[in-house]
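What follows is a single structure, written as structure tokens, with notes after it.
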Amino acid sequence: MGVRGLTSYIAQRAEIYLKPFELHSTALVIDGDNLSCNLYKDVAGSYSAFGGDYDDFYRAVVQFFQVLAECNIRPYVLMDGGYEERKLRTVSTRLRGKITVIKKINPNASITLFPLHLKEVFVDAVRDCGVPVMRCVFEADDELAALARKLNCPVLSYDSDFYIHNVKYIPLITLTVKVLTKQVKDKNNHKQKDCRDLRRNEAKNVEKRTKANKIVAGIQTLEEVSSPKGGNTKTYKYLDCCIYRVSHLCGRSTLSPEKLPLFAALLGNDYIARSAFKNFFAAGMGKAGRSRKLKIQQKRIQVILTWLKEETAESALAKVLSRLKKNQRESLVSQVHAAISGYSNELCHAYDFFEEHYEKAFPYVEPPSSEEELSDEEDVEENLSGDEDLAGEDEEQQEEAENQDEEEEEEPPENQEPDSGAEVEEEAEEETDEVEVEDKTLLFPQWFLDKLYPAHLSRYFVDLMHLRKYINNPQIEHFPYHDSNELALPILNYVFALLHNVEGAKTEPQLDEEGAPLPIAFTYLTRALRVTNVRYFKMPIEKEPAYAYEPTAPDARHLKAVFEANVPHANTEKLFKKLDELPEDLRLYFLAIVYWLHRSEHCDLLHLHSLILSLIVLRTIDVTIPAEREVKAFRKRFGKTLKAERGVRDKELGEGIKRGIKPALLELSVPDRMAHVPKSDCYLTQERLLPHFHMQEIFKKKFDLYSTTVIHSFAEFQAVVYQLNGLNALLDFPLLSPRMNQLYCGAFLYNIYDLLRNRGDVRYHIENFLLPDSKMMFDFYCFLYDWCAEFVPHWKQVEVDQTAVKAQKKRLKKQRQAARKTEAKEANADPNADMLVKDADPDDDFFDLNNKFCALKVG
């Protein structure tokens with residue numbers, strides 16, 4: 001949710017509020033959405049302009065959890081669910097800000113845009129590491145805090161809400177993901193070490209990283225250290241970080257815990273606009289001061305803390321309410337009470353879920369510490385009293401500064417980019433009459449929770465069920481075209497129809513004034529065409545699902561029904577029969593390809609060639625040899641192997657030996673052979689393709705050569721995969737869910753497409769220039785392309801076939817010209833060439849009579 005300005009305020013006073021901490025041998029509750037966004041931001045950089053490099057991101061997530069495991073840390077990951085109705089205004093505002101950024105995107109920009117499948121790839125990586133993961137019904141903040149209190153362990157996040165929650169909180173920016181080793185000392189000394197103050201340079205580093213919003217500069221495993229003297233000396237591995245407790249902010253008589261919810265509300269959050277307190281700040285609190293060093297929000301935090309110091313929780317709330325409009329008072333009271341219950345909530349569905357679904361789920365459950373934590377109350381009071389000179393600026397100057405200063409951006413909750421320029425603070429809005437439920441899981445049927453909790457369903461399912469809304473997450477797109485998700489709307493509509501036509505619990509339509517049934521519909525939020533704005537439109541259920549939907553035993557034929565209704569030119573029966581020829585992990589992916597080829601106006605077969613090459617490289621090479629994307633590092637690391645293998649193959653080529661496939665492998669089908677691709681093939685092919693994983697140098701000089709029309713077609717494809725996988729999950733995965741980290745790399749796809757569109761015969765170029773070092777990979781490429789060719793719509797086959805024919809004619813013409821030149825050369829050759837003196841044997845002695853020194857030659 002975020003408390004505006006509090007992260008920067010704490011960072012500027014890190015030596016007071018944060019304490020050094022060694023993280024090891026403990027449970028750790030992790031805010032999954034927050035971690036995933038910040039990890040991707042550090043990994044992707046400018047490459048987010050190409051639609052998502054999921055392979056690099058997946059590896060970073062796996063490395064992160066491997067580092068935690070090395071320090072004996074047991075993580076628990078909680079993911080956000082849907083939006084609460086009171087947050088929709090903020091969501092719309094952020095969506096508009098993201099649209100603005102996307103419209104002006106260029107590949108050199110430092111702005112990170114999160115791709116569509118980010119959270120799904122993150123969950124895949126977490127599961128692969130054996131880490132417990134759960135999706136909450138709404139925002140995970142309260143559930144994170146409740147689980148952390150139950151396990152008496154820290155929360156790892158980068159959300160200013162946890163400065164208010166009654167938990168041990170590790171800000172993600174303070175975590176150095178590098179394994180350190182230390183000798184075990186006396187426990188008392190160890191505790192004293194954890195409670196020391198931050199040094200000046202450490203505090204400055206926290207502030208610097210906060211401003212840069214930089215989380216993980218580089219993930220490193222165990223540091224090489226000299227072994228301590230003595231063979232019996234015990235050591236432990238740990239991660240260096242800072243920890244925060246709410247007592248650090250409260251201090252001595254500064255801010256009692258019961259005042260924290262009101263303090264957070266006065267600063268403004270995603271649920272209440274700070275502008276609602278405009279009259280209160282003008283008349284009820286005094287003035288914010290003249291200091292030019294602090295931004296307005298920082299001044300406001302300081303003044304609120306000073307004011308609350310002299311008030312009780314009841315008197316402070318009464319004074320705030322007296323300055324609010326009547327229609328805002330009830331809302332504020334309910335929010336404060338909701339915050340208080342959230343900060344002390346002991347209802348924890350995550351604990352029950354993990355205990356039920358994971359063996360030995362809780363190896364670390366520490367008893368609450370009886371020792372008093374050092375809180376440095378005196379330092380807090382000195383800091384507050386030292387800033388009381390801020391109370392001298394008059395109201396007009398404060399309002400003018402508010403208008404001039406840019407509002408500080410806090411960390412990005414879920415999908416908001418930190419640099420997107422989205423205006424977080426909105427005008428005072430009408431409060432919704434949403435009914436507060438103490439246990440919000442009661443709003444959903446049990447069958448839905450059983451699918452949601454294991455993170456099988458994406459978060460948008462909650463919005464469809466609870467709000468009947470779908471907030472489209474825009475991708476890198478070509479703005480003159482319709483949004484990329486429009487192609488997949490029929491699939492989304494079918495999902496919505498299933499959710500509201502559950503056997504035995506069908507949603508009854510509402511009636512209009514005349515008693516006629518109103519259509520059941522959801523609201524679709526997306527970008528408007530050509531302009532920077534958000535549009536809303538109603539999407540009624542187009543027609544009833546083709547088959548009954550029983551959540552505990554869903555019918556897999558629903559997938560086929562979607563194709564029969566929306567891809568009429570494809571032979572659906574034949575398509576689903578031929579799926580058996582594909583590897584299991586590619587079946588849903590290729591269903592998406594067929595759907596996309598038929599429905600998209602913008603894609604062509606060059607996009608298809610690129611997609612197939614991408615999955616061959618990621619699915620084969622990255623699982624066979626170590627993944628390395630830097631060209632210099634790859635050659636340094638595997639240079640000897642590459643040189644040796646090139647030598648062997650050059651020798652075979654010189655001797656006329658044609659490298660083929662082993663007879664035993666020829667008995668296998670083409671897809672089954674891919675598990676046996678030699679490592680040597682992978683090394684040589686990766687060296688050849690490695691430059692295509694990086695942004696083209698020309699974009700650094702002429703970024704206008706970057707084409708959003710090419711990206712748009714790939715964005716449409718991602719949307720189809722996303723919606724089709726959502727339907728697949730609702731049907732309990734009749735087909736394996738696609739692993740995007742093994743299938744899709746945005747930068748590679750863009751570069752390969754750009755390369756192939758200048759080639760007359762694509763297959764010839766791939767065989768001789770991209771995959772010449774691996775016959776098995778080229779055969780797999782041909783197999784997959786030929787499989788798709790049967791289902792390519794006829795209006796897309798003609799153009800490409802003509803191009804291939806022209807290329808074939810051109811190549812044959814060149815071959816005939818070369819043959820004629822050879823024949824002419826032979827015809828003009830000297831007929832007496834055979835009578836010429838052969839070269840002398842180098843072993844025969846030769847004496848030149850005109851050279852008197854010739855006889856002195858030494859043999």
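Each chain in the structure tokens gets a letter, A, B and so on, in the order shown; residues start at 1 in every chain, and ligands are counted from 1 in the order they appear.
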Quiz item: Can you list, as JSON, numbers by chain, every protein, DNA or RNA residue that comes within 7 Å of Ser680 of chain A when you count only C-alpha atoms, leaving out same-chain residues fewer than 3 positions away?
Solution: {"A": [645, 683, 684]}
Those residues you just picked out, can you put them in a file as a PDB file, in the first residue's frame with N, CA, C and O atoms?
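The resulting file, result.pdb, is reproduced below:
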```pdb
ATOM      1  N   GLU A 645      37.208 -27.927 -30.070  1.00  0.00           N
ATOM      2  CA  GLU A 645      36.123 -28.486 -30.867  1.00  0.00           C
ATOM      3  C   GLU A 645      36.141 -27.963 -32.298  1.00  0.00           C
ATOM      4  O   GLU A 645      35.884 -28.710 -33.243  1.00  0.00           O
ATOM      5  N   TYR A 683      28.009 -25.510 -27.192  1.00  0.00           N
ATOM      6  CA  TYR A 683      29.048 -24.483 -27.061  1.00  0.00           C
ATOM      7  C   TYR A 683      29.237 -23.713 -28.365  1.00  0.00           C
ATOM      8  O   TYR A 683      29.274 -22.471 -28.370  1.00  0.00           O
ATOM      9  N   LEU A 684      29.333 -24.418 -29.481  1.00  0.00           N
ATOM     10  CA  LEU A 684      29.591 -23.769 -30.765  1.00  0.00           C
ATOM     11  C   LEU A 684      28.390 -22.944 -31.220  1.00  0.00           C
ATOM     12  O   LEU A 684      28.545 -21.832 -31.738  1.00  0.00           O
TER      13      LEU A 684
END
```
Kindly assemble as JSON lines a list of the segment 695-800 of chain A residues that lie within 12 Å of segment 115-136 of chain A, each paired with its nearest atom pair and their distance in Å to one decimal, using only C-alpha atoms, sorted first by chain and then by ascending residue number.
```
{"residue": "A:Phe714", "atom": "CA", "partner": "A:Leu116", "partner_atom": "CA", "distance": 11.5}
{"residue": "A:Ala715", "atom": "CA", "partner": "A:Leu116", "partner_atom": "CA", "distance": 8.7}
{"residue": "A:Glu716", "atom": "CA", "partner": "A:Leu116", "partner_atom": "CA", "distance": 10.7}
{"residue": "A:Phe717", "atom": "CA", "partner": "A:Leu116", "partner_atom": "CA", "distance": 10.8}
{"residue": "A:Gln718", "atom": "CA", "partner": "A:Leu116", "partner_atom": "CA", "distance": 7.2}
{"residue": "A:Ala719", "atom": "CA", "partner": "A:Leu116", "partner_atom": "CA", "distance": 7.6}
{"residue": "A:Val720", "atom": "CA", "partner": "A:Leu116", "partner_atom": "CA", "distance": 10.8}
{"residue": "A:Val721", "atom": "CA", "partner": "A:His117", "partner_atom": "CA", "distance": 9.2}
{"residue": "A:Tyr722", "atom": "CA", "partner": "A:His117", "partner_atom": "CA", "distance": 7.1}
{"residue": "A:Gln723", "atom": "CA", "partner": "A:Leu116", "partner_atom": "CA", "distance": 10.6}
{"residue": "A:Asn725", "atom": "CA", "partner": "A:Glu120", "partner_atom": "CA", "distance": 10.3}
{"residue": "A:Gly726", "atom": "CA", "partner": "A:Glu120", "partner_atom": "CA", "distance": 10.7}
{"residue": "A:Ala729", "atom": "CA", "partner": "A:Glu120", "partner_atom": "CA", "distance": 11.9}
{"residue": "A:Ser737", "atom": "CA", "partner": "A:Asp124", "partner_atom": "CA", "distance": 9.9}
{"residue": "A:Pro738", "atom": "CA", "partner": "A:Val121", "partner_atom": "CA", "distance": 9.7}
{"residue": "A:Arg739", "atom": "CA", "partner": "A:Val121", "partner_atom": "CA", "distance": 7.2}
{"residue": "A:Met740", "atom": "CA", "partner": "A:Val121", "partner_atom": "CA", "distance": 6.6}
{"residue": "A:Asn741", "atom": "CA", "partner": "A:Val121", "partner_atom": "CA", "distance": 6.7}
{"residue": "A:Gln742", "atom": "CA", "partner": "A:Val121", "partner_atom": "CA", "distance": 10.0}
{"residue": "A:Leu743", "atom": "CA", "partner": "A:Val121", "partner_atom": "CA", "distance": 11.2}
{"residue": "A:Tyr744", "atom": "CA", "partner": "A:His117", "partner_atom": "CA", "distance": 10.1}
{"residue": "A:Cys745", "atom": "CA", "partner": "A:Pro115", "partner_atom": "CA", "distance": 11.0}
{"residue": "A:Gly746", "atom": "CA", "partner": "A:Pro115", "partner_atom": "CA", "distance": 9.7}
```
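In this structure, atom CA of Lys19 of chain A sits 29.0 Å away from atom CA of Ala361 of chain A.
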Practice problem: Give me the residues within 6 Å of Ser157 of chain A as a count of residues only, counting only C-alpha atoms and dropping any in the same chain fewer than 3 places off. | Solution: 3
Exercise. Would you list the contacts of segment 771-783 of chain A as an MDAnalysis selection string, taking every protein, DNA or RNA residue within 8 Å and counting only C-alpha atoms, but skipping same-chain residues closer than 2 positions in sequence?
Key: chainID A and resid 612:613 616 660:661 670:671 673:674 677 681:682 684:685 766:769 785:787
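Comparing the minimum interatomic distances between Pro474 of chain A and each of A:Lys319, A:Arg94, A:Asn758, A:Arg86, counting only C-alpha atoms, we find that A:Arg94 sits nearest.
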